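Visitor: Hey, dropping final14.tsv in here, TSV, C-alpha atoms and all ligand atoms:
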```
chain	number	residue	atom	x	y	z
P	1	MET	CA	0.00	0.00	0.00
P	2	ARG	CA	1.08	3.57	-0.67
P	3	LEU	CA	0.19	6.38	1.73
P	4	ALA	CA	0.46	10.02	0.71
P	5	ASN	CA	0.14	13.36	2.44
P	6	ILE	CA	-2.14	15.46	0.21
P	7	ASP	CA	-2.90	18.93	1.61
P	8	ASN	CA	-2.02	17.54	5.07
P	9	ARG	CA	-4.63	14.79	4.79
P	10	ALA	CA	-3.87	11.09	4.63
P	11	ALA	CA	-4.57	9.50	1.25
P	12	LEU	CA	-4.23	6.06	-0.29
P	13	VAL	CA	-2.46	6.07	-3.64
P	14	LEU	CA	-3.56	3.51	-6.24
P	15	ASP	CA	-2.62	2.85	-9.83
P	16	GLN	CA	-5.33	3.36	-12.39
P	17	ASP	CA	-4.31	2.72	-16.00
P	18	GLY	CA	-0.70	3.53	-15.15
P	19	ALA	CA	-1.46	6.85	-13.46
P	20	ALA	CA	-1.22	7.58	-9.72
P	21	LYS	CA	-4.68	8.25	-8.31
P	22	PHE	CA	-5.71	8.82	-4.72
P	23	VAL	CA	-8.60	8.49	-2.35
P	24	ASP	CA	-8.83	10.50	0.88
P	25	ILE	CA	-8.73	8.14	3.87
P	26	ALA	CA	-11.10	10.14	6.11
P	27	ASN	CA	-13.67	10.39	3.31
P	28	ALA	CA	-13.34	6.73	2.29
P	29	SER	CA	-13.71	5.59	5.93
P	30	ASP	CA	-16.62	7.94	6.76
P	31	GLY	CA	-14.37	9.74	9.23
P	32	ARG	CA	-13.17	6.62	11.04
P	33	TRP	CA	-9.50	7.19	10.18
P	34	GLY	CA	-7.52	10.36	9.64
P	35	PRO	CA	-7.97	13.03	8.48
P	36	GLY	CA	-4.29	13.80	9.18
P	37	LEU	CA	-1.25	11.56	8.87
P	38	PRO	CA	-0.42	11.46	12.63
P	39	GLU	CA	-3.84	9.95	13.44
P	40	VAL	CA	-3.29	7.32	10.77
P	41	PHE	CA	0.11	6.31	12.22
P	42	GLU	CA	-1.44	6.14	15.72
P	43	HIS	CA	-3.82	3.45	14.44
P	44	TRP	CA	-1.49	1.98	11.82
P	45	ALA	CA	-2.35	-1.73	12.21
P	46	GLU	CA	-6.10	-1.03	12.09
P	47	VAL	CA	-5.82	1.38	9.15
P	48	THR	CA	-3.76	-1.05	7.07
P	49	ALA	CA	-6.21	-3.89	7.86
P	50	TRP	CA	-9.07	-1.62	6.77
P	51	ALA	CA	-7.22	-0.45	3.63
P	52	VAL	CA	-6.56	-3.94	2.25
P	53	GLU	CA	-10.29	-4.67	2.40
P	54	LEU	CA	-11.24	-1.35	0.84
P	55	ASP	CA	-12.88	-1.50	-2.55
P	56	VAL	CA	-12.65	2.02	-3.95
P	57	PRO	CA	-15.21	2.83	-6.63
P	58	ALA	CA	-13.19	4.08	-9.65
P	59	GLY	CA	-15.23	7.29	-9.64
P	60	GLN	CA	-13.89	8.24	-6.21
P	61	LEU	CA	-10.27	8.24	-7.40
P	62	ALA	CA	-8.70	11.58	-8.26
P	63	PRO	CA	-5.36	12.24	-9.99
P	64	VAL	CA	-2.42	13.01	-7.70
P	65	ASP	CA	-1.24	16.60	-8.12
P	66	ARG	CA	2.41	16.47	-6.95
P	67	ALA	CA	2.35	20.15	-5.93
P	68	ARG	CA	-0.09	19.19	-3.15
P	69	LEU	CA	2.09	16.42	-1.68
P	70	GLY	CA	3.68	16.94	1.75
P	71	ALA	CA	6.11	14.81	3.75
P	72	PRO	CA	4.49	11.40	4.42
P	73	SER	CA	4.98	11.85	8.18
P	74	PRO	CA	4.79	15.64	8.56
P	75	ALA	CA	4.66	15.89	12.38
P	76	PRO	CA	6.74	13.11	13.94
P	77	ARG	CA	7.51	13.22	17.65
P	78	GLN	CA	11.10	12.27	16.86
P	79	VAL	CA	13.37	12.50	13.83
P	80	PHE	CA	16.55	10.44	13.70
P	81	ALA	CA	19.22	10.93	11.07
P	82	VAL	CA	22.11	8.52	10.73
P	83	GLY	CA	25.61	9.43	9.58
P	84	LEU	CA	28.40	7.36	7.99
P	85	ASN	CA	26.13	4.42	7.26
P	86	TYR	CA	27.72	3.32	3.97
P	87	HIS	CA	31.40	2.28	3.88
P	88	ALA	CA	32.24	4.32	0.76
P	89	HIS	CA	30.59	7.45	2.22
P	90	ALA	CA	32.40	7.07	5.56
P	91	ALA	CA	35.67	6.80	3.60
P	92	GLU	CA	34.98	9.89	1.44
P	93	SER	CA	34.10	11.79	4.65
P	94	GLY	CA	37.44	10.86	6.19
P	95	PHE	CA	36.01	8.79	9.06
P	96	ALA	CA	36.28	5.17	10.15
P	97	ALA	CA	33.08	3.21	9.49
P	98	PRO	CA	30.93	2.75	12.61
P	99	THR	CA	30.87	-0.72	14.15
P	100	GLU	CA	28.85	-0.59	17.38
P	101	LEU	CA	26.61	2.42	16.80
P	102	PRO	CA	26.55	4.96	13.95
P	103	PRO	CA	26.45	8.70	14.66
P	104	VAL	CA	22.82	9.75	15.19
P	105	PHE	CA	21.59	13.36	15.06
P	106	THR	CA	18.30	15.05	14.16
P	107	LYS	CA	16.77	17.11	11.39
P	108	TYR	CA	14.24	19.54	12.86
P	109	VAL	CA	10.67	19.13	11.65
P	110	SER	CA	10.53	22.76	10.48
P	111	SER	CA	12.84	21.70	7.62
P	112	PHE	CA	10.35	19.07	6.32
P	113	SER	CA	8.66	19.43	2.96
P	114	GLY	CA	7.01	17.41	0.23
P	115	PRO	CA	8.83	15.96	-2.78
P	116	ASP	CA	8.82	18.84	-5.28
P	117	THR	CA	10.14	22.15	-3.98
P	118	GLU	CA	12.19	25.26	-4.49
P	119	VAL	CA	14.89	25.56	-1.81
P	120	VAL	CA	16.56	28.83	-0.79
P	121	LEU	CA	20.35	28.52	-0.55
P	122	PRO	CA	21.57	30.25	2.64
P	123	SER	CA	23.63	33.25	1.52
P	124	ALA	CA	26.87	32.15	3.18
P	125	GLY	CA	27.20	28.42	2.95
P	126	ASN	CA	27.99	25.23	1.11
P	127	VAL	CA	24.83	23.24	0.52
P	128	ASP	CA	25.40	19.57	-0.20
P	129	TRP	CA	23.15	16.73	-1.34
P	130	GLU	CA	22.54	13.39	0.46
P	131	VAL	CA	19.92	11.07	-1.00
P	132	GLU	CA	18.61	8.73	1.71
P	133	LEU	CA	16.14	5.97	2.32
P	134	VAL	CA	13.72	7.17	5.02
P	135	ALA	CA	11.82	4.78	7.29
P	136	VAL	CA	8.67	5.76	9.20
P	137	VAL	CA	7.83	3.93	12.44
P	138	GLY	CA	4.42	2.21	12.59
P	139	ARG	CA	4.06	1.35	16.27
P	140	GLU	CA	5.46	2.18	19.68
P	141	ALA	CA	8.63	0.18	20.09
P	142	ARG	CA	11.20	-0.36	22.79
P	143	GLU	CA	14.12	-2.84	22.81
P	144	VAL	CA	13.04	-4.43	19.54
P	145	ALA	CA	15.04	-7.41	18.30
P	146	GLU	CA	16.51	-6.99	14.81
P	147	ALA	CA	14.48	-10.01	13.64
P	148	ASP	CA	11.22	-8.28	14.65
P	149	ALA	CA	12.16	-4.77	13.51
P	150	TRP	CA	10.47	-4.69	10.10
P	151	SER	CA	7.13	-5.20	11.89
P	152	CYS	CA	7.70	-1.80	13.56
P	153	VAL	CA	8.13	0.00	10.23
P	154	ALA	CA	5.04	1.53	8.62
P	155	GLY	CA	6.85	2.13	5.35
P	156	LEU	CA	9.69	3.62	3.36
P	157	THR	CA	10.00	6.86	1.47
P	158	ALA	CA	12.70	8.83	-0.35
P	159	GLY	CA	14.45	11.72	1.37
P	160	GLN	CA	17.16	14.30	0.84
P	161	ASP	CA	19.29	15.20	3.84
P	162	LEU	CA	20.32	18.60	2.45
P	163	SER	CA	23.30	19.77	4.48
P	164	GLU	CA	24.97	23.15	4.82
P	165	ARG	CA	28.57	22.20	5.57
P	166	VAL	CA	29.75	25.52	7.08
P	167	THR	CA	27.03	25.62	9.76
P	168	GLN	CA	27.48	21.91	10.32
P	169	MET	CA	31.08	22.49	11.45
P	170	ARG	CA	30.56	25.88	13.13
P	171	GLY	CA	31.61	26.16	16.77
P	172	PRO	CA	33.99	24.04	18.81
P	173	ALA	CA	32.25	20.74	17.94
P	174	PRO	CA	30.24	19.66	14.85
P	175	GLN	CA	26.50	20.40	15.17
P	176	PHE	CA	24.74	18.49	12.45
P	177	GLY	CA	21.15	19.29	13.52
P	178	LEU	CA	21.21	22.98	12.62
P	179	GLY	CA	23.31	22.68	9.46
P	180	LYS	CA	20.83	20.13	8.12
P	181	SER	CA	17.65	21.98	9.12
P	182	PHE	CA	17.41	25.17	7.07
P	183	ASP	CA	13.91	25.64	5.64
P	184	GLY	CA	13.19	23.03	3.01
P	185	PHE	CA	16.28	20.93	3.79
P	186	SER	CA	14.33	17.70	4.40
P	187	PRO	CA	12.20	17.01	1.30
P	188	GLN	CA	10.52	13.59	1.41
P	189	GLY	CA	8.12	11.58	-0.67
P	190	PRO	CA	6.47	11.25	-3.00
P	191	TRP	CA	4.66	8.81	-0.66
P	192	LEU	CA	5.19	6.09	1.92
P	193	VAL	CA	5.42	2.54	0.55
P	194	THR	CA	4.73	-0.36	2.95
P	195	PRO	CA	7.53	-2.94	3.26
P	196	ASP	CA	5.40	-5.75	1.76
P	197	GLU	CA	5.32	-3.89	-1.59
P	198	PHE	CA	9.03	-4.59	-2.24
P	199	ASP	CA	10.60	-7.84	-3.46
P	200	ASP	CA	13.35	-7.12	-0.92
P	201	PRO	CA	12.96	-3.99	1.25
P	202	ASP	CA	16.62	-4.38	2.29
P	203	ASP	CA	17.97	-3.94	-1.25
P	204	LEU	CA	16.77	-0.84	-3.11
P	205	GLU	CA	18.71	1.27	-5.60
P	206	LEU	CA	18.89	4.97	-4.75
P	207	GLY	CA	20.59	7.91	-6.38
P	208	CYS	CA	20.49	11.55	-7.36
P	209	ALA	CA	21.51	13.80	-10.24
P	210	ILE	CA	22.26	17.50	-10.65
P	211	ASP	CA	20.91	18.92	-13.91
P	212	GLY	CA	20.87	15.37	-15.25
P	213	GLU	CA	24.43	14.46	-14.19
P	214	GLU	CA	24.36	11.49	-11.84
P	215	VAL	CA	26.25	12.28	-8.62
P	216	GLN	CA	25.12	9.48	-6.29
P	217	LYS	CA	24.07	5.89	-6.92
P	218	GLY	CA	24.01	3.11	-4.38
P	219	ARG	CA	22.03	0.19	-3.00
P	220	THR	CA	20.53	-0.05	0.48
P	221	ARG	CA	21.96	-3.58	0.86
P	222	ASP	CA	25.25	-1.72	1.43
P	223	LEU	CA	23.93	0.04	4.54
P	224	ILE	CA	26.28	-0.76	7.44
P	225	PHE	CA	23.25	-0.57	9.77
P	226	SER	CA	20.23	-1.83	7.80
P	227	VAL	CA	16.74	-0.56	8.63
P	228	PRO	CA	16.14	-3.47	11.09
P	229	LYS	CA	19.56	-2.95	12.68
P	230	LEU	CA	18.84	0.77	13.12
P	231	ILE	CA	15.41	0.13	14.67
P	232	ALA	CA	17.01	-2.36	17.08
P	233	ALA	CA	19.90	-0.01	17.95
P	234	LEU	CA	17.72	3.09	18.40
P	235	SER	CA	15.01	1.31	20.41
P	236	GLU	CA	17.62	-0.05	22.78
P	237	ILE	CA	18.06	3.55	23.99
P	238	VAL	CA	14.85	5.45	23.20
P	239	THR	CA	11.18	4.58	22.84
P	240	LEU	CA	10.09	4.88	19.21
P	241	TYR	CA	6.63	6.24	18.45
P	242	PRO	CA	4.24	5.84	15.53
P	243	GLY	CA	5.15	8.38	12.85
P	244	ASP	CA	8.78	8.78	13.96
P	245	VAL	CA	11.10	9.36	10.99
P	246	VAL	CA	14.51	7.77	10.42
P	247	PHE	CA	16.85	9.13	7.73
P	248	THR	CA	19.10	6.10	7.23
P	249	GLY	CA	22.24	7.73	5.81
P	250	THR	CA	23.61	8.51	2.38
P	251	PRO	CA	25.76	6.53	-0.06
P	252	ALA	CA	29.00	7.90	-1.55
P	253	GLY	CA	29.10	10.82	-3.96
P	254	VAL	CA	28.35	13.89	-1.82
P	255	GLY	CA	29.90	17.22	-2.79
P	256	VAL	CA	32.08	17.70	0.28
P	257	GLY	CA	33.92	14.44	-0.44
P	258	ARG	CA	34.88	15.46	-4.00
P	259	GLU	CA	38.16	16.78	-5.28
P	260	PRO	CA	37.58	19.66	-5.89
P	261	GLN	CA	34.56	20.01	-3.60
P	262	ARG	CA	31.26	20.86	-5.22
P	263	PHE	CA	28.13	22.41	-3.73
P	264	LEU	CA	24.66	23.26	-5.04
P	265	GLN	CA	24.36	26.50	-6.98
P	266	THR	CA	21.49	28.87	-7.72
P	267	GLY	CA	19.45	27.61	-10.65
P	268	GLU	CA	20.54	23.98	-10.33
P	269	ARG	CA	18.03	21.16	-10.20
P	270	LEU	CA	18.49	18.09	-7.99
P	271	ASP	CA	16.55	14.94	-8.87
P	272	SER	CA	16.62	12.08	-6.36
P	273	TRP	CA	15.09	8.63	-6.64
P	274	ILE	CA	14.65	5.32	-4.88
P	275	GLU	CA	13.62	2.16	-6.70
P	276	GLY	CA	10.03	1.17	-5.96
P	277	ILE	CA	9.25	4.46	-4.20
P	278	GLY	CA	9.66	7.40	-6.58
P	279	GLU	CA	11.39	10.72	-7.13
P	280	LEU	CA	12.09	14.05	-5.47
P	281	HIS	CA	12.71	17.25	-7.44
P	282	GLN	CA	14.43	20.29	-5.91
P	283	THR	CA	15.47	23.53	-7.57
P	284	PHE	CA	17.72	26.00	-5.77
P	285	VAL	CA	17.30	29.76	-5.59
P	286	ALA	CA	19.36	32.54	-4.03
P	287	ALA	CA	18.45	34.03	-0.65
P	288	PRO	CA	16.81	37.46	-1.01
P	289	GLY	CA	19.57	40.04	-1.36
P	290	ALA	CA	22.21	37.48	-2.32
P	291	GLU	CA	23.28	36.57	-5.83
Q	1	ZN	ZN	22.59	12.26	5.88
```
Written as C-alpha cells, how would this file's structure read?

Guide:
Amino acid sequence: MRLANIDNRAALVLDQDGAAKFVDIANASDGRWGPGLPEVFEHWAEVTAWAVELDVPAGQLAPVDRARLGAPSPAPRQVFAVGLNYHAHAAESGFAAPTELPPVFTKYVSSFSGPDTEVVLPSAGNVDWEVELVAVVGREAREVAEADAWSCVAGLTAGQDLSERVTQMRGPAPQFGLGKSFDGFSPQGPWLVTPDEFDDPDDLELGCAIDGEEVQKGRTRDLIFSVPKLIAALSEIVTLYPGDVVFTGTPAGVGVGREPQRFLQTGERLDSWIEGIGELHQTFVAAPGAE
C-alpha cells in the first residue's frame, strides 16, 4: 500500500491505468481514520487492515497533483538521522566506518517538505546533497530485536538530507542538527510505501543527479546498519513512536567528499530517486539580497 500526504490529509495512492490516483482516507472511511497523517500512524495496524479490504469505486479516485504532496509523516515526535552508514561514504568523509553504533543526530521538523520544492540557498554556505532511504515507524517500540524490527516499520520513502557544511562544522564541535535543518532541507516523498510492496525492502537502488548528471548511486543492501539494525539499535536507547522518521544515511558521492569540492548553486536542479518508491525534485534559488 502507498500512503500520501495530500494537503495535510492522509490519502491512499492507487494505480489506475498507469497513473497515480488517490482516495482521501477520512472520506473513504466515513471519518473513522484520519484526516491527518499522525492519526493514521497512531492506528497503523487497524488502518492497514481496513485499507486492504477497501474497494474504492473508480469514480472516487482523483489524480495526484504532486504540488499538493507533503512529507508522508509531517509531524513526527522524533526525527533520527544517521551518519556514515555506507562504507564508501564514511571513507569519502574521512572517518572510520561505525561498528557498534553509527552517529545519530536530528533534522528539525521545520525543515520538512514534500517531494517537489524550491529551496533557498543560505547566503553564506555550502549546501550539499545526500539522498537517503527514510523509514517511518508504525508502532510504539522499545528494545526491539533486529528479527522483529520490520514489523515496527510503517513504510519507506525517499528523502534528501540537504546539508549546509559551514554551519554543520561551526563552533567548537560539529552540530549536524542545525546545518541540516534550514527551511526546506528535508524534502521527502512522494509517498510512503509499505515494506510488503518490495521484493526485498533491504535492497533498493537509490541515487540523485544535478541537472541530469548522476552524482550518487548506491544500494541499500550496502547500509552498514540496515533498517532493522537501526530500529534495534535506536530502540535499545529510546522509545520509538508511531510516525517517527529515520533518515538512514547517504551513499557515496556527496559534494564535500569530492576533489575539488562541489556544492549546489542557484538555478541547479536536484533529482533524487529510490527504486520502488519514486522521485524528489528540488530547484535552488538565491536568498533574497544574495546573488
Ligand atoms: Zn545524511

Visitor: How far is it from atom CA of Val134 of chain P to atom CA of Val245 of chain P, in Å with one decimal?

Guide: 6.9 Å

Visitor: Can you pull out every residue within 12 Å of Val127 of chain P, counting all atoms listed in the file, but drop anything in the same chain fewer than 3 positions away, and send it as a ChimeraX atom specification?

Guide: /P:119-124,130,160-168,179-182,184-185,254-256,261-266,268,270,284-286

Visitor: With C-alpha atoms retained, write the just-selected residues as a compact mmCIF listing (two decimals), in the frame of the given file.

Guide:
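selection_11.txt, freshly written:
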```txt
# COMPACT_ATOMS: atom_id res chain seq x y z
CA VAL P 119 14.89 25.56 -1.81
CA VAL P 120 16.56 28.83 -0.79
CA LEU P 121 20.35 28.52 -0.55
CA PRO P 122 21.57 30.25 2.64
CA SER P 123 23.63 33.25 1.52
CA ALA P 124 26.87 32.15 3.18
CA GLU P 130 22.54 13.39 0.46
CA GLN P 160 17.16 14.30 0.84
CA ASP P 161 19.29 15.20 3.84
CA LEU P 162 20.32 18.60 2.45
CA SER P 163 23.30 19.77 4.48
CA GLU P 164 24.97 23.15 4.82
CA ARG P 165 28.57 22.20 5.57
CA VAL P 166 29.75 25.52 7.08
CA THR P 167 27.03 25.62 9.76
CA GLN P 168 27.48 21.91 10.32
CA GLY P 179 23.31 22.68 9.46
CA LYS P 180 20.83 20.13 8.12
CA SER P 181 17.65 21.98 9.12
CA PHE P 182 17.41 25.17 7.07
CA GLY P 184 13.19 23.03 3.01
CA PHE P 185 16.28 20.93 3.79
CA VAL P 254 28.35 13.89 -1.82
CA GLY P 255 29.90 17.22 -2.79
CA VAL P 256 32.08 17.70 0.28
CA GLN P 261 34.56 20.01 -3.60
CA ARG P 262 31.26 20.86 -5.22
CA PHE P 263 28.13 22.41 -3.73
CA LEU P 264 24.66 23.26 -5.04
CA GLN P 265 24.36 26.50 -6.98
CA THR P 266 21.49 28.87 -7.72
CA GLU P 268 20.54 23.98 -10.33
CA LEU P 270 18.49 18.09 -7.99
CA PHE P 284 17.72 26.00 -5.77
CA VAL P 285 17.30 29.76 -5.59
CA ALA P 286 19.36 32.54 -4.03
```

Visitor: Residues at most 7 Å from ligand ZN 1 (chain Q), using only C-alpha atoms and all ligand atoms? Could they come as a PDB file with C-alpha atoms, keeping the file's coordinate frame?

Guide:
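Resulting contents of out37.pdb:
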```pdb
ATOM      1  CA  ALA P  81      19.220  10.930  11.070  1.00  0.00           C
ATOM      2  CA  VAL P  82      22.110   8.520  10.730  1.00  0.00           C
ATOM      3  CA  GLY P  83      25.610   9.430   9.580  1.00  0.00           C
ATOM      4  CA  GLU P 130      22.540  13.390   0.460  1.00  0.00           C
ATOM      5  CA  GLU P 132      18.610   8.730   1.710  1.00  0.00           C
ATOM      6  CA  ASP P 161      19.290  15.200   3.840  1.00  0.00           C
ATOM      7  CA  PHE P 247      16.850   9.130   7.730  1.00  0.00           C
ATOM      8  CA  GLY P 249      22.240   7.730   5.810  1.00  0.00           C
ATOM      9  CA  THR P 250      23.610   8.510   2.380  1.00  0.00           C
TER      10      THR P 250
END
```

Visitor: Got a sec: who's within 12 Å of Glu197 of chain P, counting only C-alpha atoms, leaving out chain neighbours fewer than 4 positions off, as a count of residues only?

Guide: 14

Visitor: Taking all atoms listed in the file into account, name the residue in P:Glu214, P:Glu205, P:Asp196, P:Asp183 that is nearest to Ser110 of chain P.

Guide: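 Of the candidates, the smallest distance to Ser110 of chain P is held by P:Asp183.
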
Visitor: With a distance cut-off of 8 Å and only C-alpha atoms, select the neighbouring residues of Ala88 of chain P, excluding the residue or stretch itself and same-chain residues fewer than 4 positions from it, and output the selection as a list in words.

Guide: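 Surrounding residues, per the criterion: Glu92, Pro251 and Ala252 of chain P.
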
Visitor: Keeping only C-alpha atoms, write the selected residues as a CSV table (one decimal), keeping the file's coordinate frame.

Guide:
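Saved as result26.csv:
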```csv
chain,number,residue,atom,x,y,z
P,92,GLU,CA,35.0,9.9,1.4
P,251,PRO,CA,25.8,6.5,-0.1
P,252,ALA,CA,29.0,7.9,-1.6
```

Visitor: Calculated over all atoms listed in the file, which of the candidates P:Leu178, P:Ile224, P:Val153, P:Ala173 has the smallest distance to Lys107 of chain P?

Guide: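 When distances to Lys107 of chain P are compared using all atoms listed in the file, the smallest one comes from P:Leu178.
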
Visitor: Might you pull out every residue within 8 Å of Val109 of chain P, with all atoms listed in the file counted and same-chain residues fewer than 5 positions away left off, and present them as a VMD selection string?

Guide: chain P and resid 74 to 76 79 181

Visitor: Output as a short mmCIF file (atom, residue, chain, number, x, y, z; two decimals), keeping the file's coordinate frame: segment 166-186 of chain P, completed with N, CA, C and O atoms.

Guide:
```cif
data_model
loop_
_atom_site.label_atom_id
_atom_site.label_comp_id
_atom_site.auth_asym_id
_atom_site.auth_seq_id
_atom_site.Cartn_x
_atom_site.Cartn_y
_atom_site.Cartn_z
N VAL P 166 29.08 24.52 6.23
CA VAL P 166 29.75 25.52 7.08
C VAL P 166 29.10 25.53 8.46
O VAL P 166 29.77 25.40 9.49
N THR P 167 27.76 25.63 8.48
CA THR P 167 27.03 25.62 9.76
C THR P 167 27.27 24.31 10.51
O THR P 167 27.40 24.28 11.73
N GLN P 168 27.31 23.24 9.74
CA GLN P 168 27.48 21.91 10.32
C GLN P 168 28.77 21.80 11.15
O GLN P 168 28.82 21.04 12.11
N MET P 169 29.79 22.57 10.76
CA MET P 169 31.08 22.49 11.45
C MET P 169 31.35 23.74 12.29
O MET P 169 32.46 23.91 12.80
N ARG P 170 30.33 24.63 12.41
CA ARG P 170 30.56 25.88 13.13
C ARG P 170 30.60 25.66 14.64
O ARG P 170 29.79 24.91 15.16
N GLY P 171 31.49 26.33 15.32
CA GLY P 171 31.61 26.16 16.77
C GLY P 171 32.69 25.13 17.10
O GLY P 171 33.31 24.58 16.21
N PRO P 172 32.89 24.91 18.39
CA PRO P 172 33.99 24.04 18.81
C PRO P 172 33.77 22.56 18.49
O PRO P 172 34.73 21.81 18.44
N ALA P 173 32.52 22.14 18.29
CA ALA P 173 32.25 20.74 17.94
C ALA P 173 31.21 20.73 16.81
O ALA P 173 30.39 21.64 16.72
N PRO P 174 31.24 19.72 15.94
CA PRO P 174 30.24 19.66 14.85
C PRO P 174 28.82 19.68 15.42
O PRO P 174 28.57 19.13 16.49
N GLN P 175 27.89 20.38 14.73
CA GLN P 175 26.50 20.40 15.17
C GLN P 175 25.61 20.16 13.95
O GLN P 175 25.16 21.09 13.31
N PHE P 176 25.41 18.88 13.68
CA PHE P 176 24.74 18.49 12.45
C PHE P 176 23.29 18.97 12.39
O PHE P 176 22.80 19.31 11.32
N GLY P 177 22.59 18.99 13.53
CA GLY P 177 21.15 19.29 13.52
C GLY P 177 20.82 20.61 12.84
O GLY P 177 19.93 20.67 12.00
N LEU P 178 21.53 21.67 13.19
CA LEU P 178 21.21 22.98 12.62
C LEU P 178 21.62 23.07 11.16
O LEU P 178 20.89 23.59 10.32
N GLY P 179 22.82 22.58 10.84
CA GLY P 179 23.31 22.68 9.46
C GLY P 179 22.45 21.92 8.47
O GLY P 179 22.47 22.19 7.28
N LYS P 180 21.66 20.96 8.99
CA LYS P 180 20.83 20.13 8.12
C LYS P 180 19.35 20.48 8.23
O LYS P 180 18.50 19.72 7.77
N SER P 181 19.05 21.64 8.84
CA SER P 181 17.65 21.98 9.12
C SER P 181 17.23 23.36 8.65
O SER P 181 16.25 23.92 9.15
N PHE P 182 17.94 23.94 7.68
CA PHE P 182 17.41 25.17 7.07
C PHE P 182 16.06 24.83 6.44
O PHE P 182 15.78 23.66 6.13
N ASP P 183 15.23 25.86 6.24
CA ASP P 183 13.91 25.64 5.64
C ASP P 183 14.04 24.82 4.35
O ASP P 183 14.87 25.15 3.49
N GLY P 184 13.24 23.81 4.24
CA GLY P 184 13.19 23.03 3.01
C GLY P 184 14.31 22.02 2.86
O GLY P 184 14.44 21.40 1.80
N PHE P 185 15.12 21.81 3.91
CA PHE P 185 16.28 20.93 3.79
C PHE P 185 15.97 19.45 3.99
O PHE P 185 16.88 18.63 3.95
N SER P 186 14.68 19.12 4.20
CA SER P 186 14.33 17.70 4.40
C SER P 186 13.16 17.29 3.51
O SER P 186 12.13 16.82 4.01
#
```
